[in-house]
Amino acid sequence: MAHDWRNPERVAPWKPRQRFQVTGRGFEAAESYRQAMVSAQAAADPRTALEAAKQEWAQRYSLRPPDGMLLEDMAAGRTCLAELNETLEAVGLSLRDARGALDRMRAAELVQPLDAAISGVEPPGPARPRPNR
């Protein structure tokens with residue numbers, strides 16, 4: 001694929017209504033994010049601790065701090081941008097931001113296109129039910 005200067009994090013093109021599935025590594029990353037947020041909230045200065053925890057988590061997976069919230073939503077069962085819209089509005093992210101987050105999560109192998117999972121090209125991880133065709 002040619003380099004897209006408008007979106008340098010683009011891993012591979014995907015359709016606007018593309019659905020994604022969280023991989024085994026993605027579920028582990030989402031759980032790691034949840035644990036980091038819970039422990040940061042118990043700190044003496046929760047706001048500072050939360051920002052530091054988000055930054056540390058994001059660096060570990062080559063993501064950006066807001067990506068953790070989207071990964072959590074996807075781990076909870078949301079599969080496409082339309083289903084993430086409520087979260088995007090709540091945290092002030094645009095669709096462009098969300099597309100970038102999905103590209104970064106694909107590059108980190110935390111999510112994969114759902115059609116890849118259906119075709120049998122899914123990475124090892126916890127077994128997930130496959131949709132009926």
# chains A, B, ... in the order shown; residues from 1 in each chain; ligands from 1

call {"tool": "residues_around", "arguments": {"residues": "Leu93 (chain A)", "least_positions_apart": "3", "cutoff": "12 Å", "atoms": "only C-alpha atoms", "output": "MDAnalysis selection string"}}
result
chainID A and resid 66:67 69:70 81 84:90 96:101

call {"tool": "residues_around", "arguments": {"residues": "Leu114 (chain A)", "least_positions_apart": "4", "cutoff": "8 Å", "atoms": "only C-alpha atoms", "output": "list in words"}}
result
Gln18, Arg19, Phe20, Gln21 and Ile118 of chain A

call {"tool": "write_last_selection", "arguments": {"atoms": "N, CA and C atoms", "output": "CSV table (one decimal), in the first residue's frame"}}
result
chain,number,residue,atom,x,y,z
A,18,GLN,N,-16.7,-0.9,8.2
A,18,GLN,CA,-15.9,-2.1,8.6
A,18,GLN,C,-16.2,-2.4,10.0
A,19,ARG,N,-16.3,-3.7,10.3
A,19,ARG,CA,-16.5,-4.1,11.7
A,19,ARG,C,-15.2,-4.8,12.1
A,20,PHE,N,-14.8,-4.6,13.4
A,20,PHE,CA,-13.6,-5.1,13.9
A,20,PHE,C,-13.9,-6.0,15.1
A,21,GLN,N,-12.9,-6.9,15.4
A,21,GLN,CA,-13.0,-7.8,16.5
A,21,GLN,C,-11.7,-7.6,17.3
A,118,ILE,N,-13.7,-14.1,10.3
A,118,ILE,CA,-14.6,-15.1,9.7
A,118,ILE,C,-13.9,-16.0,8.7

call {"tool": "residues_around", "arguments": {"residues": "Glu28 (chain A)", "least_positions_apart": "6", "cutoff": "12 Å", "atoms": "only C-alpha atoms", "output": "PDB file with C-alpha atoms, in the first residue's frame"}}
result
ATOM      1  CA  VAL A  22     -10.709  -7.518  19.506  1.00  0.00           C
ATOM      2  CA  ARG A  34      -8.823  -1.107  33.320  1.00  0.00           C
ATOM      3  CA  GLN A  35      -6.416  -2.161  36.060  1.00  0.00           C
ATOM      4  CA  TRP A  57      -0.270   2.298  29.078  1.00  0.00           C
ATOM      5  CA  TYR A  61       1.251  -0.598  23.093  1.00  0.00           C
ATOM      6  CA  GLY A  68      -7.666   2.904  25.760  1.00  0.00           C
ATOM      7  CA  LEU A  71     -10.386  -0.383  23.122  1.00  0.00           C
ATOM      8  CA  GLU A  72     -12.422  -0.907  26.304  1.00  0.00           C
ATOM      9  CA  ALA A  75     -13.674  -5.323  24.233  1.00  0.00           C
ATOM     10  CA  GLU A 109      -2.561  -6.318  16.649  1.00  0.00           C
ATOM     11  CA  LEU A 110      -5.161  -5.470  19.301  1.00  0.00           C
ATOM     12  CA  VAL A 111      -8.047  -5.528  16.807  1.00  0.00           C
ATOM     13  CA  GLY A 125      -6.225 -15.965  21.935  1.00  0.00           C
ATOM     14  CA  PRO A 126      -9.398 -16.650  23.904  1.00  0.00           C
TER      15      PRO A 126
END

call {"tool": "closest_residue", "arguments": {"among": "A:Thr23, A:Ser94, A:Glu51, A:Leu102", "to": "Leu63 (chain A)", "atoms": "only C-alpha atoms"}}
result
A:Leu102

call {"tool": "atom_distance", "arguments": {"atom1": "CA of Thr79 (chain A)", "atom2": "CA of Ala58 (chain A)"}}
result
20.8 Å

call {"tool": "closest_residue", "arguments": {"among": "A:Arg106, A:Arg64, A:Lys54, A:Arg78", "to": "Ser32 (chain A)", "atoms": "only C-alpha atoms"}}
result
A:Lys54

call {"tool": "atom_distance", "arguments": {"atom1": "CA of Ala36 (chain A)", "atom2": "CA of Gln55 (chain A)"}}
result
10.5 Å

call {"tool": "atom_distance", "arguments": {"atom1": "CA of Arg60 (chain A)", "atom2": "CA of Asp103 (chain A)"}}
result
16.2 Å

call {"tool": "residues_around", "arguments": {"residues": "Ala53 (chain A)", "least_positions_apart": "3", "cutoff": "10 Å", "atoms": "only C-alpha atoms", "output": "list in words"}}
result
Tyr33, Gln35, Ala36, Met37, Val38, Ser39, Ala40, Gln41, Arg47, Thr48, Ala49, Leu50, Glu56, Trp57, Ala58, Gln59 and Pro65 of chain A

call {"tool": "write_last_selection", "arguments": {"atoms": "C-alpha atoms", "output": "PDB file, in the first residue's frame"}}
result
ATOM      1  CA  TYR A  33      -5.965  -0.450  30.856  1.00  0.00           C
ATOM      2  CA  GLN A  35      -6.416  -2.161  36.060  1.00  0.00           C
ATOM      3  CA  ALA A  36      -4.219   0.891  35.479  1.00  0.00           C
ATOM      4  CA  MET A  37      -7.246   3.218  35.716  1.00  0.00           C
ATOM      5  CA  VAL A  38      -8.537   1.582  38.909  1.00  0.00           C
ATOM      6  CA  SER A  39      -5.171   1.806  40.655  1.00  0.00           C
ATOM      7  CA  ALA A  40      -4.670   5.418  39.501  1.00  0.00           C
ATOM      8  CA  GLN A  41      -8.068   6.425  40.901  1.00  0.00           C
ATOM      9  CA  ARG A  47      -6.150  13.287  38.137  1.00  0.00           C
ATOM     10  CA  THR A  48      -2.364  13.344  37.803  1.00  0.00           C
ATOM     11  CA  ALA A  49      -2.135   9.596  38.400  1.00  0.00           C
ATOM     12  CA  LEU A  50      -4.771   8.910  35.715  1.00  0.00           C
ATOM     13  CA  GLU A  56       2.345   4.757  30.364  1.00  0.00           C
ATOM     14  CA  TRP A  57      -0.270   2.298  29.078  1.00  0.00           C
ATOM     15  CA  ALA A  58      -0.352   3.949  25.640  1.00  0.00           C
ATOM     16  CA  GLN A  59       3.439   3.856  25.293  1.00  0.00           C
ATOM     17  CA  PRO A  65      -3.808   7.760  25.712  1.00  0.00           C
TER      18      PRO A  65
END
